[in-house]
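Containing PDB, C-alpha atoms: data19.pdb.
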ATOM      1  CA  MET H   1       0.000   0.000   0.000
ATOM      2  CA  THR H   2       2.791   2.478   0.914
ATOM      3  CA  GLY H   3       4.386   2.053  -2.531
ATOM      4  CA  ALA H   4       1.152   3.236  -4.169
ATOM      5  CA  PHE H   5       1.060   6.570  -2.285
ATOM      6  CA  ALA H   6       3.625   9.329  -1.802
ATOM      7  CA  HIS H   7       2.177  10.399   1.570
ATOM      8  CA  PRO H   8       0.413   7.299   2.944
ATOM      9  CA  TRP H   9      -0.122   8.821   6.402
ATOM     10  CA  TRP H  10      -2.870  10.984   4.878
ATOM     11  CA  LEU H  11      -4.890   7.781   4.530
ATOM     12  CA  LEU H  12      -5.643   8.164   8.225
ATOM     13  CA  ALA H  13      -7.941  10.978   7.124
ATOM     14  CA  LEU H  14     -10.273   8.249   5.849
ATOM     15  CA  LEU H  15     -11.331   7.886   9.475
ATOM     16  CA  VAL H  16     -13.196  11.195   9.145
ATOM     17  CA  PRO H  17     -15.720  10.097   6.484
ATOM     18  CA  ILE H  18     -16.003   6.681   8.157
ATOM     19  CA  ALA H  19     -16.848   8.330  11.492
ATOM     20  CA  ALA H  20     -19.241  10.723   9.760
ATOM     21  CA  ALA H  21     -21.040   7.859   8.044
ATOM     22  CA  ALA H  22     -21.325   5.919  11.306
ATOM     23  CA  ALA H  23     -22.663   8.976  13.131
ATOM     24  CA  TYR H  24     -25.231   9.639  10.419
ATOM     25  CA  VAL H  25     -26.451   6.022  10.499
ATOM     26  CA  ALA H  26     -26.758   6.153  14.307
ATOM     27  CA  VAL H  27     -28.683   9.447  14.245
ATOM     28  CA  ASP H  28     -30.944   8.224  11.477
ATOM     29  CA  LYS H  29     -31.806   5.052  13.403
ATOM     30  CA  ARG H  30     -32.648   7.123  16.470
ATOM     31  CA  LYS H  31     -34.957   9.320  14.384
ATOM     32  CA  ARG H  32     -36.660   6.268  12.903
ATOM     33  CA  LYS H  33     -37.270   4.837  16.356
ATOM     34  CA  ARG H  34     -38.874   8.110  17.470
ATOM     35  CA  SER H  35     -41.002   8.101  14.327
ATOM     36  CA  ILE H  36     -42.179   4.578  15.077
ATOM     37  CA  ALA H  37     -43.087   5.589  18.611
ATOM     38  CA  PHE H  38     -44.873   8.848  17.799
ATOM     39  CA  GLY H  39     -45.296   9.115  14.036
ATOM     40  CA  ASN H  40     -48.340   8.765  11.791
ATOM     41  CA  PHE H  41     -47.143   6.363   9.071
ATOM     42  CA  THR H  42     -50.040   7.058   6.754
ATOM     43  CA  VAL H  43     -49.259  10.763   6.644
ATOM     44  CA  VAL H  44     -45.483  10.158   6.238
ATOM     45  CA  ALA H  45     -46.049   7.781   3.356
ATOM     46  CA  ASP H  46     -48.345  10.245   1.623
ATOM     47  CA  VAL H  47     -45.870  13.093   1.954
ATOM     48  CA  THR H  48     -42.606  11.358   1.092
ATOM     49  CA  GLY H  49     -43.751   8.941  -1.600
ATOM     50  CA  PRO H  50     -42.338   5.440  -2.140
ATOM     51  CA  GLY H  51     -38.894   6.448  -3.440
ATOM     52  CA  ARG H  52     -38.177   9.620  -1.493
ATOM     53  CA  THR H  53     -37.152   7.797   1.693
ATOM     54  CA  ARG H  54     -34.051   6.323   0.062
ATOM     55  CA  LEU H  55     -33.188   9.500  -1.883
ATOM     56  CA  ARG H  56     -33.042  11.527   1.334
ATOM     57  CA  HIS H  57     -29.709   9.800   2.074
ATOM     58  CA  LEU H  58     -28.111  10.882  -1.235
ATOM     59  CA  PRO H  59     -26.679  14.260  -0.097
ATOM     60  CA  VAL H  60     -24.917  12.717   2.888
ATOM     61  CA  ALA H  61     -23.734   9.644   0.966
ATOM     62  CA  ALA H  62     -22.236  11.808  -1.798
ATOM     63  CA  LEU H  63     -20.603  14.113   0.763
ATOM     64  CA  VAL H  64     -19.044  11.205   2.691
ATOM     65  CA  ALA H  65     -17.753   9.630  -0.540
ATOM     66  CA  ALA H  66     -16.248  12.984  -1.610
ATOM     67  CA  LEU H  67     -14.408  13.277   1.726
ATOM     68  CA  ALA H  68     -13.018   9.767   1.257
ATOM     69  CA  LEU H  69     -11.765  10.598  -2.252
ATOM     70  CA  LEU H  70     -10.150  13.824  -1.020
ATOM     71  CA  ALA H  71      -8.320  11.876   1.693
ATOM     72  CA  ILE H  72      -6.965   9.519  -0.965
ATOM     73  CA  ALA H  73      -5.927  12.485  -3.144
ATOM     74  CA  LEU H  74      -4.048  14.027  -0.203
ATOM     75  CA  ALA H  75      -2.175  10.728   0.225
ATOM     76  CA  GLY H  76      -0.631  11.307  -3.211
ATOM     77  CA  PRO H  77      -1.599   8.276  -5.307
ATOM     78  CA  MET H  78       1.256   7.299  -7.629
ATOM     79  CA  ALA H  79       0.888   6.681 -11.360
ATOM     80  CA  GLU H  80       3.221   5.945 -14.273
ATOM     81  CA  THR H  81       3.555   8.670 -16.898
ATOM     82  CA  LYS H  82       5.461   8.692 -20.191
ATOM     83  CA  VAL H  83       8.371  11.163 -20.124
ATOM     84  CA  ALA H  84      10.727  12.057 -22.976
ATOM     85  CA  ARG H  85      14.338  10.897 -22.626
ATOM     86  CA  ASN H  86      15.762  14.342 -23.366
ATOM     87  CA  ARG H  87      19.399  13.400 -22.732
ATOM     88  CA  ALA H  88      19.369  10.171 -24.722
ATOM     89  CA  THR H  89      21.330   9.631 -27.939
ATOM     90  CA  ILE H  90      20.223   7.509 -30.888
ATOM     91  CA  MET H  91      22.349   6.650 -33.902
ATOM     92  CA  LEU H  92      20.267   5.617 -36.898
ATOM     93  CA  VAL H  93      22.344   3.240 -39.044
ATOM     94  CA  VAL H  94      20.899   2.659 -42.520
ATOM     95  CA  ASP H  95      22.018   0.171 -45.171
ATOM     96  CA  VAL H  96      22.375   1.808 -48.625
ATOM     97  CA  SER H  97      23.896  -1.164 -50.446
ATOM     98  CA  LEU H  98      22.673  -2.043 -53.965
ATOM     99  CA  SER H  99      20.277  -4.635 -52.555
ATOM    100  CA  MET H 100      18.227  -1.727 -51.175
ATOM    101  CA  SER H 101      17.142  -0.987 -54.763
ATOM    102  CA  ALA H 102      14.998  -4.144 -54.795
ATOM    103  CA  THR H 103      11.368  -3.412 -55.657
ATOM    104  CA  ASP H 104       9.758  -6.134 -53.539
ATOM    105  CA  VAL H 105       8.806  -3.178 -51.308
ATOM    106  CA  GLN H 106       7.210  -0.475 -53.478
ATOM    107  CA  PRO H 107       8.585   1.704 -54.916
ATOM    108  CA  ASP H 108      11.866   0.215 -53.665
ATOM    109  CA  ARG H 109      13.475  -0.672 -50.351
ATOM    110  CA  LEU H 110      15.640   2.433 -49.967
ATOM    111  CA  THR H 111      12.911   4.942 -50.840
ATOM    112  CA  THR H 112      10.560   3.268 -48.386
ATOM    113  CA  ALA H 113      13.265   3.112 -45.713
ATOM    114  CA  LYS H 114      13.951   6.829 -46.148
ATOM    115  CA  GLN H 115      10.279   7.711 -45.770
ATOM    116  CA  ALA H 116       9.803   5.627 -42.637
ATOM    117  CA  GLY H 117      13.139   6.786 -41.229
ATOM    118  CA  ARG H 118      12.162  10.419 -41.697
ATOM    119  CA  GLU H 119       8.880   9.809 -39.883
ATOM    120  CA  PHE H 120      10.773   8.047 -37.096
ATOM    121  CA  ILE H 121      13.161  10.967 -36.658
ATOM    122  CA  GLU H 122      10.275  13.444 -36.576
ATOM    123  CA  SER H 123       8.456  11.385 -33.938
ATOM    124  CA  LEU H 124      11.309  11.501 -31.436
ATOM    125  CA  PRO H 125      11.327  14.018 -28.546
ATOM    126  CA  ASN H 126      12.726  17.379 -29.666
ATOM    127  CA  ASP H 127      15.563  17.367 -27.121
ATOM    128  CA  LEU H 128      16.714  13.833 -27.922
ATOM    129  CA  ASN H 129      20.043  13.662 -29.775
ATOM    130  CA  VAL H 130      19.957  11.846 -33.125
ATOM    131  CA  GLY H 131      22.806  10.997 -35.493
ATOM    132  CA  LEU H 132      23.070   9.141 -38.795
ATOM    133  CA  VAL H 133      25.391   6.510 -40.247
ATOM    134  CA  THR H 134      24.896   5.199 -43.776
ATOM    135  CA  PHE H 135      26.802   2.211 -45.068
ATOM    136  CA  ALA H 136      27.447   0.048 -48.072
ATOM    137  CA  GLY H 137      31.046  -1.040 -48.748
ATOM    138  CA  ARG H 138      32.142   1.613 -46.263
ATOM    139  CA  ALA H 139      30.479   3.491 -43.436
ATOM    140  CA  GLN H 140      29.853   7.222 -43.431
ATOM    141  CA  THR H 141      28.675   9.486 -40.617
ATOM    142  CA  PRO H 142      26.990  12.430 -42.367
ATOM    143  CA  VAL H 143      25.496  13.745 -39.092
ATOM    144  CA  MET H 144      26.865  13.464 -35.581
ATOM    145  CA  PRO H 145      24.311  13.352 -32.736
ATOM    146  CA  THR H 146      22.290  16.561 -32.664
ATOM    147  CA  THR H 147      18.914  17.906 -31.606
ATOM    148  CA  ASP H 148      18.527  19.370 -35.103
ATOM    149  CA  HIS H 149      16.369  16.519 -36.366
ATOM    150  CA  ALA H 150      15.649  18.263 -39.672
ATOM    151  CA  THR H 151      19.332  18.060 -40.584
ATOM    152  CA  VAL H 152      19.362  14.318 -39.901
ATOM    153  CA  ALA H 153      16.239  13.823 -42.022
ATOM    154  CA  ARG H 154      17.776  15.771 -44.935
ATOM    155  CA  ALA H 155      20.968  13.724 -44.737
ATOM    156  CA  LEU H 156      18.947  10.510 -44.861
ATOM    157  CA  ASP H 157      17.018  11.778 -47.885
ATOM    158  CA  GLY H 158      20.321  12.455 -49.655
ATOM    159  CA  ALA H 159      21.770   8.969 -49.105
ATOM    160  CA  THR H 160      22.654   7.149 -52.352
ATOM    161  CA  LEU H 161      23.205   3.502 -53.266
ATOM    162  CA  ASP H 162      26.639   1.890 -53.390
ATOM    163  CA  SER H 163      28.039  -1.618 -53.671
ATOM    164  CA  ALA H 164      28.862  -4.149 -50.917
ATOM    165  CA  THR H 165      27.748  -4.273 -47.255
ATOM    166  CA  ALA H 166      30.090  -3.517 -44.358
ATOM    167  CA  THR H 167      27.757  -3.923 -41.380
ATOM    168  CA  GLY H 168      30.556  -4.201 -38.815
ATOM    169  CA  ASP H 169      32.146  -0.931 -39.918
ATOM    170  CA  ALA H 170      28.757   0.787 -39.633
ATOM    171  CA  ILE H 171      28.208  -0.409 -36.066
ATOM    172  CA  ALA H 172      31.755   0.648 -35.124
ATOM    173  CA  ALA H 173      31.209   4.098 -36.656
ATOM    174  CA  ALA H 174      27.956   4.563 -34.740
ATOM    175  CA  GLN H 175      29.593   3.497 -31.478
ATOM    176  CA  SER H 176      32.504   5.897 -32.073
ATOM    177  CA  ALA H 177      30.105   8.786 -32.703
ATOM    178  CA  ILE H 178      28.179   8.005 -29.513
ATOM    179  CA  LEU H 179      31.343   7.850 -27.408
ATOM    180  CA  GLN H 180      32.708  11.110 -28.831
ATOM    181  CA  PHE H 181      29.427  12.901 -28.278
ATOM    182  CA  GLY H 182      29.075  11.455 -24.786
ATOM    183  CA  GLU H 183      32.454  12.890 -23.780
ATOM    184  CA  GLN H 184      31.332  16.351 -24.899
ATOM    185  CA  ILE H 185      28.089  16.451 -22.920
ATOM    186  CA  GLN H 186      28.948  14.190 -20.002
ATOM    187  CA  GLY H 187      27.607  15.603 -16.741
ATOM    188  CA  PRO H 188      27.738  14.553 -13.092
ATOM    189  CA  GLU H 189      25.417  11.655 -13.915
ATOM    190  CA  GLY H 190      27.828  10.338 -16.538
ATOM    191  CA  PRO H 191      27.269  10.032 -20.296
ATOM    192  CA  PRO H 192      23.665  10.057 -21.506
ATOM    193  CA  PRO H 193      21.945   6.764 -22.337
ATOM    194  CA  ALA H 194      22.366   5.727 -25.958
ATOM    195  CA  ALA H 195      21.225   3.138 -28.484
ATOM    196  CA  ILE H 196      21.806   2.156 -32.093
ATOM    197  CA  VAL H 197      18.935   1.497 -34.505
ATOM    198  CA  LEU H 198      20.286  -0.624 -37.366
ATOM    199  CA  LEU H 199      18.257  -1.121 -40.549
ATOM    200  CA  SER H 200      19.610  -3.533 -43.127
ATOM    201  CA  ASP H 201      18.281  -5.950 -45.717
ATOM    202  CA  GLY H 202      21.167  -8.198 -46.641
ATOM    203  CA  LYS H 203      24.133 -10.189 -45.469
ATOM    204  CA  GLN H 204      27.440  -8.604 -44.619
ATOM    205  CA  THR H 205      29.876  -8.909 -47.542
ATOM    206  CA  ILE H 206      32.886  -6.939 -46.228
ATOM    207  CA  PRO H 207      34.427  -8.867 -44.587
ATOM    208  CA  THR H 208      32.777 -12.159 -45.400
ATOM    209  CA  GLU H 209      33.022 -13.519 -41.830
ATOM    210  CA  LEU H 210      30.811 -11.986 -39.189
ATOM    211  CA  ASP H 211      33.349 -12.819 -36.457
ATOM    212  CA  ASP H 212      36.196 -11.122 -38.350
ATOM    213  CA  PRO H 213      37.817  -8.206 -36.463
ATOM    214  CA  ARG H 214      35.830  -5.913 -38.769
ATOM    215  CA  GLY H 215      32.743  -8.117 -38.702
ATOM    216  CA  ALA H 216      29.291  -7.302 -37.382
ATOM    217  CA  PHE H 217      29.415  -9.803 -34.519
ATOM    218  CA  THR H 218      32.750  -8.427 -33.321
ATOM    219  CA  ALA H 219      31.394  -4.884 -33.439
ATOM    220  CA  ALA H 220      28.260  -6.010 -31.574
ATOM    221  CA  ASP H 221      30.406  -7.579 -28.855
ATOM    222  CA  GLU H 222      32.292  -4.283 -28.464
ATOM    223  CA  ALA H 223      29.006  -2.422 -28.151
ATOM    224  CA  ALA H 224      27.817  -4.905 -25.531
ATOM    225  CA  LYS H 225      30.916  -4.220 -23.427
ATOM    226  CA  ILE H 226      29.834  -0.609 -22.884
ATOM    227  CA  GLY H 227      26.152  -1.459 -22.510
ATOM    228  CA  LEU H 228      25.149  -0.077 -25.907
ATOM    229  CA  PRO H 229      22.063  -1.906 -27.228
ATOM    230  CA  ILE H 230      21.548  -2.398 -30.956
ATOM    231  CA  HIS H 231      17.940  -2.586 -32.112
ATOM    232  CA  ALA H 232      18.103  -4.364 -35.457
ATOM    233  CA  ILE H 233      15.499  -4.183 -38.206
ATOM    234  CA  SER H 234      15.555  -6.687 -41.058
ATOM    235  CA  PHE H 235      13.873  -4.981 -43.992
ATOM    236  CA  GLY H 236      12.522  -6.460 -47.219
ATOM    237  CA  THR H 237      11.306  -9.912 -48.197
ATOM    238  CA  LEU H 238      12.836 -13.279 -49.012
ATOM    239  CA  GLY H 239      11.757 -12.840 -52.641
ATOM    240  CA  GLY H 240      13.656  -9.608 -53.316
ATOM    241  CA  SER H 241      15.955  -9.331 -56.329
ATOM    242  CA  ILE H 242      17.965  -6.721 -58.245
ATOM    243  CA  SER H 243      19.337  -6.494 -61.779
ATOM    244  CA  VAL H 244      23.104  -5.978 -62.185
ATOM    245  CA  ASP H 245      24.573  -5.820 -65.702
ATOM    246  CA  GLY H 246      21.508  -7.568 -67.062
ATOM    247  CA  GLN H 247      21.741 -10.354 -64.508
ATOM    248  CA  VAL H 248      19.010 -10.901 -61.920
ATOM    249  CA  LEU H 249      20.441 -11.471 -58.446
ATOM    250  CA  PRO H 250      18.364 -12.594 -55.441
ATOM    251  CA  VAL H 251      18.676 -10.331 -52.395
ATOM    252  CA  PRO H 252      16.617 -11.909 -49.613
ATOM    253  CA  ASN H 253      16.457 -10.123 -46.298
ATOM    254  CA  ASP H 254      18.745 -11.477 -43.603
ATOM    255  CA  ASP H 255      17.010 -12.165 -40.299
ATOM    256  CA  GLU H 256      19.541 -14.549 -38.792
ATOM    257  CA  SER H 257      22.599 -12.300 -38.470
ATOM    258  CA  LEU H 258      20.616  -9.222 -37.454
ATOM    259  CA  MET H 259      18.796 -11.227 -34.806
ATOM    260  CA  GLU H 260      22.136 -12.352 -33.387
ATOM    261  CA  ILE H 261      23.471  -8.768 -33.368
ATOM    262  CA  ALA H 262      20.465  -7.659 -31.335
ATOM    263  CA  ARG H 263      20.741 -10.647 -28.985
ATOM    264  CA  ARG H 264      24.429 -10.031 -28.246
ATOM    265  CA  THR H 265      23.754  -6.426 -27.237
ATOM    266  CA  GLU H 266      20.455  -7.064 -25.407
ATOM    267  CA  GLY H 267      18.664  -5.041 -28.052
ATOM    268  CA  GLU H 268      15.462  -5.870 -29.899
ATOM    269  CA  PHE H 269      15.036  -7.537 -33.287
ATOM    270  CA  HIS H 270      12.247  -6.660 -35.707
ATOM    271  CA  SER H 271      11.388  -7.764 -39.210
ATOM    272  CA  ALA H 272       9.475  -5.541 -41.646
ATOM    273  CA  ALA H 273       8.324  -6.327 -45.179
ATOM    274  CA  SER H 274       6.372  -3.167 -46.024
ATOM    275  CA  LEU H 275       6.113   0.536 -45.234
ATOM    276  CA  ASP H 276       3.289  -0.035 -42.753
ATOM    277  CA  GLU H 277       5.242  -2.755 -40.936
ATOM    278  CA  LEU H 278       8.330  -0.540 -40.811
ATOM    279  CA  ARG H 279       6.245   2.298 -39.400
ATOM    280  CA  ASP H 280       4.942  -0.045 -36.703
ATOM    281  CA  VAL H 281       8.493  -1.087 -35.818
ATOM    282  CA  TYR H 282       9.687   2.497 -35.583
ATOM    283  CA  GLY H 283       6.629   3.329 -33.486
ATOM    284  CA  GLU H 284       7.574   0.630 -30.979
ATOM    285  CA  LEU H 285      11.173   1.844 -30.901
ATOM    286  CA  THR H 286      10.064   5.447 -30.372
ATOM    287  CA  ASP H 287       8.226   4.386 -27.211
ATOM    288  CA  GLU H 288      11.069   2.089 -26.155
ATOM    289  CA  ILE H 289      14.074   4.398 -26.512
ATOM    290  CA  GLY H 290      12.522   7.838 -26.935
ATOM    291  CA  TYR H 291      10.471   7.789 -23.758
ATOM    292  CA  GLU H 292      10.532   6.269 -20.307
ATOM    293  CA  LEU H 293       7.883   5.550 -17.681
ATOM    294  CA  ARG H 294       8.268   7.460 -14.438
ATOM    295  CA  ARG H 295       6.213   7.108 -11.279
ATOM    296  CA  SER H 296       4.871  10.382  -9.959
ATOM    297  CA  GLU H 297       1.978  11.728  -7.902
ATOM    298  CA  ASN H 298      -1.312  11.931  -9.794
ATOM    299  CA  PRO H 299      -4.119  13.051  -7.448
ATOM    300  CA  ARG H 300      -6.076  14.840 -10.190
ATOM    301  CA  PRO H 301      -8.534  11.988 -11.078
ATOM    302  CA  TRP H 302      -9.422  11.556  -7.399
ATOM    303  CA  MET H 303      -9.948  15.304  -6.944
ATOM    304  CA  VAL H 304     -12.132  15.501 -10.048
ATOM    305  CA  ALA H 305     -14.271  12.621  -8.758
ATOM    306  CA  ALA H 306     -14.525  14.262  -5.317
ATOM    307  CA  PHE H 307     -15.623  17.540  -6.904
ATOM    308  CA  ALA H 308     -18.307  15.744  -8.902
ATOM    309  CA  LEU H 309     -19.628  14.117  -5.727
ATOM    310  CA  LEU H 310     -19.679  17.463  -3.894
ATOM    311  CA  VAL H 311     -21.726  18.942  -6.736
ATOM    312  CA  THR H 312     -24.055  15.933  -6.548
ATOM    313  CA  SER H 313     -24.448  16.380  -2.801
ATOM    314  CA  ALA H 314     -25.236  20.088  -3.147
ATOM    315  CA  ALA H 315     -27.704  19.513  -6.003
ATOM    316  CA  ALA H 316     -29.490  16.729  -4.135
ATOM    317  CA  SER H 317     -29.796  18.921  -1.042
ATOM    318  CA  VAL H 318     -31.307  21.782  -3.034
ATOM    319  CA  PHE H 319     -33.663  19.396  -4.806
ATOM    320  CA  GLN H 320     -34.895  17.978  -1.536
ATOM    321  CA  GLY H 321     -35.211  21.424   0.018
ATOM    322  CA  ARG H 322     -32.891  20.648   2.907
ATOM    323  CA  ARG H 323     -29.363  21.460   4.132
ATOM    324  CA  VAL H 324     -26.404  19.122   3.917
ATOM    325  CA  PRO H 325     -26.231  17.634   7.417
TER     326      PRO H 325
END
Represent the structure from my file as structure tokens, please.
Amino acid sequence: MTGAFAHPWWLLALLVPIAAAAAYVAVDKRKRKRSIAFGNFTVVADVTGPGRTRLRHLPVAALVAALALLAIALAGPMAETKVARNRATIMLVVDVSLSMSATDVQPDRLTTAKQAGREFIESLPNDLNVGLVTFAGRAQTPVMPTTDHATVARALDGATLDSATATGDAIAAAQSAILQFGEQIQGPEGPPPAAIVLLSDGKQTIPTELDDPRGAFTAADEAAKIGLPIHAISFGTLGGSISVDGQVLPVPNDDESLMEIARRTEGEFHSAASLDELRDVYGELTDEIGYELRRSENPRPWMVAAFALLVTSAAASVFQGRRVP
């Protein structure tokens, strides 16, 4: 019970409405006994009517209930509210390899990824720091973490396709950007919390081994050492293909390696095969890393309910032509 209220000792104030209710019941019984001894029941029944006897208790009942709700409000009931992570840093890491030109997602994977990525950036809290890494055969960091989300969105829009896929280099570049930025803004509480959001559709090709010193698994292990989660999104479908020099090449999405990257860093893995699915994934990530739940006092609902009961008590008293006892 104490964990649900900021000031639990105010719950002792509940004794007031309880005592008031008990006193009212006792007085009412005494009045009824006197009525039985001296009253004319025929006249009383004619005057009050069949339903008025019960309604005469409404003003007091509403008043007692309002007092009880006010006592609970004074105790400071706790509730969870969603609060923006204003000091957090997110690096958006986007695959721009040739496989992202596949049209299994209309109009093509990269165009769709840019649209959803832009919406994701715009949905984040204004004071949250966002950076961008794009990668194909090499990783680039066009925007370091910043609260200027429009700049990040423009940089993503300007990303162009290139050959090969160096996923490990991209993760390493994102981690480096986060560490550099963290040193610049580190306060007494230490560096701000950070995360990487990795969107890719294909297997790593540079180097060929994921456990290579430059490989994605190695980079993920380095991120795990500093507690940096990687939320991986596998984008596209198994039936994707591209045309290179007149030759059709299959480019299925790669769930297995991206799932392992997320697992090693205690991040989340998601798979998306359309714009709507990618929007849903980004929506989940916005809530996960853009906001946090904090417990705080929230007496307002109890006070509103108490006010409504006070109004009910006053209205019932006026209607019955009597004072609130």
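Interatomic distance, CA of Val94 in chain H to CA of Thr205 in chain H: 15.5 Å.
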Please enumerate the residues selected by the PyMOL selection byres ((chain H and resi 74) around 12) when evaluated against the supplied file, formatted as an MDAnalysis selection string.
chainID H and resid 5:14 67:73 75:78 297:303 306
Only C-alpha atoms, please: the residues just picked out, written as an mmCIF file, keeping the file's coordinate frame.
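The resulting part.cif:
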data_model
loop_
_atom_site.group_PDB
_atom_site.id
_atom_site.type_symbol
_atom_site.label_atom_id
_atom_site.label_comp_id
_atom_site.auth_asym_id
_atom_site.auth_seq_id
_atom_site.Cartn_x
_atom_site.Cartn_y
_atom_site.Cartn_z
ATOM 1 C CA PHE H 5 1.060 6.570 -2.285
ATOM 2 C CA ALA H 6 3.625 9.329 -1.802
ATOM 3 C CA HIS H 7 2.177 10.399 1.570
ATOM 4 C CA PRO H 8 0.413 7.299 2.944
ATOM 5 C CA TRP H 9 -0.122 8.821 6.402
ATOM 6 C CA TRP H 10 -2.870 10.984 4.878
ATOM 7 C CA LEU H 11 -4.890 7.781 4.530
ATOM 8 C CA LEU H 12 -5.643 8.164 8.225
ATOM 9 C CA ALA H 13 -7.941 10.978 7.124
ATOM 10 C CA LEU H 14 -10.273 8.249 5.849
ATOM 11 C CA LEU H 67 -14.408 13.277 1.726
ATOM 12 C CA ALA H 68 -13.018 9.767 1.257
ATOM 13 C CA LEU H 69 -11.765 10.598 -2.252
ATOM 14 C CA LEU H 70 -10.150 13.824 -1.020
ATOM 15 C CA ALA H 71 -8.320 11.876 1.693
ATOM 16 C CA ILE H 72 -6.965 9.519 -0.965
ATOM 17 C CA ALA H 73 -5.927 12.485 -3.144
ATOM 18 C CA ALA H 75 -2.175 10.728 0.225
ATOM 19 C CA GLY H 76 -0.631 11.307 -3.211
ATOM 20 C CA PRO H 77 -1.599 8.276 -5.307
ATOM 21 C CA MET H 78 1.256 7.299 -7.629
ATOM 22 C CA GLU H 297 1.978 11.728 -7.902
ATOM 23 C CA ASN H 298 -1.312 11.931 -9.794
ATOM 24 C CA PRO H 299 -4.119 13.051 -7.448
ATOM 25 C CA ARG H 300 -6.076 14.840 -10.190
ATOM 26 C CA PRO H 301 -8.534 11.988 -11.078
ATOM 27 C CA TRP H 302 -9.422 11.556 -7.399
ATOM 28 C CA MET H 303 -9.948 15.304 -6.944
ATOM 29 C CA ALA H 306 -14.525 14.262 -5.317
#
Pull out every residue that the PyMOL selection byres ((chain H and resi 157) around 9) matches in the shown coordinates and put them as a list in words.
Thr111, Lys114, Gln115, Arg118, Val152, Ala153, Arg154, Ala155, Leu156, Gly158, Ala159 and Thr160 of chain H
Going by the chain IDs and residue numbers used in this file, which residues fall under the PyMOL selection byres ((chain H and resi 223) around 12)? Write them as a short mmCIF file (atom, residue, chain, number, x, y, z; two decimals) with C-alpha atoms, keeping the file's coordinate frame.
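Output saved as result-v3.cif:
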data_model
loop_
_atom_site.label_atom_id
_atom_site.label_comp_id
_atom_site.auth_asym_id
_atom_site.auth_seq_id
_atom_site.Cartn_x
_atom_site.Cartn_y
_atom_site.Cartn_z
CA GLY H 168 30.56 -4.20 -38.82
CA ALA H 170 28.76 0.79 -39.63
CA ILE H 171 28.21 -0.41 -36.07
CA ALA H 172 31.76 0.65 -35.12
CA ALA H 173 31.21 4.10 -36.66
CA ALA H 174 27.96 4.56 -34.74
CA GLN H 175 29.59 3.50 -31.48
CA SER H 176 32.50 5.90 -32.07
CA ILE H 178 28.18 8.01 -29.51
CA LEU H 179 31.34 7.85 -27.41
CA ALA H 194 22.37 5.73 -25.96
CA ALA H 195 21.22 3.14 -28.48
CA ILE H 196 21.81 2.16 -32.09
CA ALA H 216 29.29 -7.30 -37.38
CA PHE H 217 29.42 -9.80 -34.52
CA THR H 218 32.75 -8.43 -33.32
CA ALA H 219 31.39 -4.88 -33.44
CA ALA H 220 28.26 -6.01 -31.57
CA ASP H 221 30.41 -7.58 -28.86
CA GLU H 222 32.29 -4.28 -28.46
CA ALA H 224 27.82 -4.90 -25.53
CA LYS H 225 30.92 -4.22 -23.43
CA ILE H 226 29.83 -0.61 -22.88
CA GLY H 227 26.15 -1.46 -22.51
CA LEU H 228 25.15 -0.08 -25.91
CA PRO H 229 22.06 -1.91 -27.23
CA ILE H 230 21.55 -2.40 -30.96
CA HIS H 231 17.94 -2.59 -32.11
CA ILE H 261 23.47 -8.77 -33.37
CA ALA H 262 20.46 -7.66 -31.34
CA ARG H 263 20.74 -10.65 -28.98
CA ARG H 264 24.43 -10.03 -28.25
CA THR H 265 23.75 -6.43 -27.24
CA GLU H 266 20.45 -7.06 -25.41
CA GLY H 267 18.66 -5.04 -28.05
#
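The nearest approach to Arg109 in chain H among the residues H:Ala272, H:Leu132, H:Val197, H:Ala4, with all atoms listed in the file taken into account, belongs to H:Ala272.
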Take CA of Val16 in chain H and CA of Arg295 in chain H and report the distance between them in Å, one decimal.
28.5 Å
Counting only C-alpha atoms, closest pick from H:Ser271, H:Thr89, H:Gln186, H:Ser163 relative to Leu128 in chain H is H:Thr89
In Å and to one decimal, CA of Thr151 in chain H is distant from CA of Gln204 in chain H by 28.2 Å
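With distances restricted to only C-alpha atoms, H:Asp95 is the closest residue to Leu198 in chain H from H:Asp95, H:Asp127, H:Glu288, H:Asp104.
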Need to verify the contact set: Gly131 in chain H, 8 Å, all atoms listed in the file, exclusion of same-chain residues closer than 3 positions in sequence. Can you return it as a list in words?
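Surrounding residues, per the criterion: Thr89, Ile90, Met91, Leu92, Thr141, Val143, Met144, Pro145, Thr146 and Val152 of chain H.
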Restricting the calculation to all atoms listed in the file: of H:Arg279, H:His149, H:His57, H:Arg32, which residue gets closest to Glu122 in chain H?
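Distance minimum relative to Glu122 in chain H lands on H:His149.
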Restricting to only C-alpha atoms, whichever of H:Pro192, H:Phe181, H:Ile206, H:Gly246 is closest to Arg138 in chain H is H:Ile206
What's the 7 Å shell around range 308-320 of chain H, counting only C-alpha atoms, without same-chain residues fewer than 4 positions away, as a PyMOL selection string?
chain H and resi 58-60+62-63+66+304+324
So, counting all atoms listed in the file, which residue among H:Ile233, H:Ala65, H:Ala102, H:Leu199 is closest to Val251 in chain H?
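Checking each candidate against Val251 in chain H, we get H:Ala102 as the closest.
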Neighbour residues at most 7 Å from (18.3, -7.0, -48.7) (all atoms listed in the file) as a short mmCIF file (atom, residue, chain, number, x, y, z; two decimals) with C-alpha atoms, in the frame of the given file:
data_model
loop_
_atom_site.label_atom_id
_atom_site.label_comp_id
_atom_site.auth_asym_id
_atom_site.auth_seq_id
_atom_site.Cartn_x
_atom_site.Cartn_y
_atom_site.Cartn_z
CA SER H 99 20.28 -4.64 -52.56
CA MET H 100 18.23 -1.73 -51.18
CA SER H 200 19.61 -3.53 -43.13
CA ASP H 201 18.28 -5.95 -45.72
CA GLY H 202 21.17 -8.20 -46.64
CA PHE H 235 13.87 -4.98 -43.99
CA GLY H 236 12.52 -6.46 -47.22
CA VAL H 251 18.68 -10.33 -52.40
CA PRO H 252 16.62 -11.91 -49.61
CA ASN H 253 16.46 -10.12 -46.30
CA ASP H 254 18.74 -11.48 -43.60
#
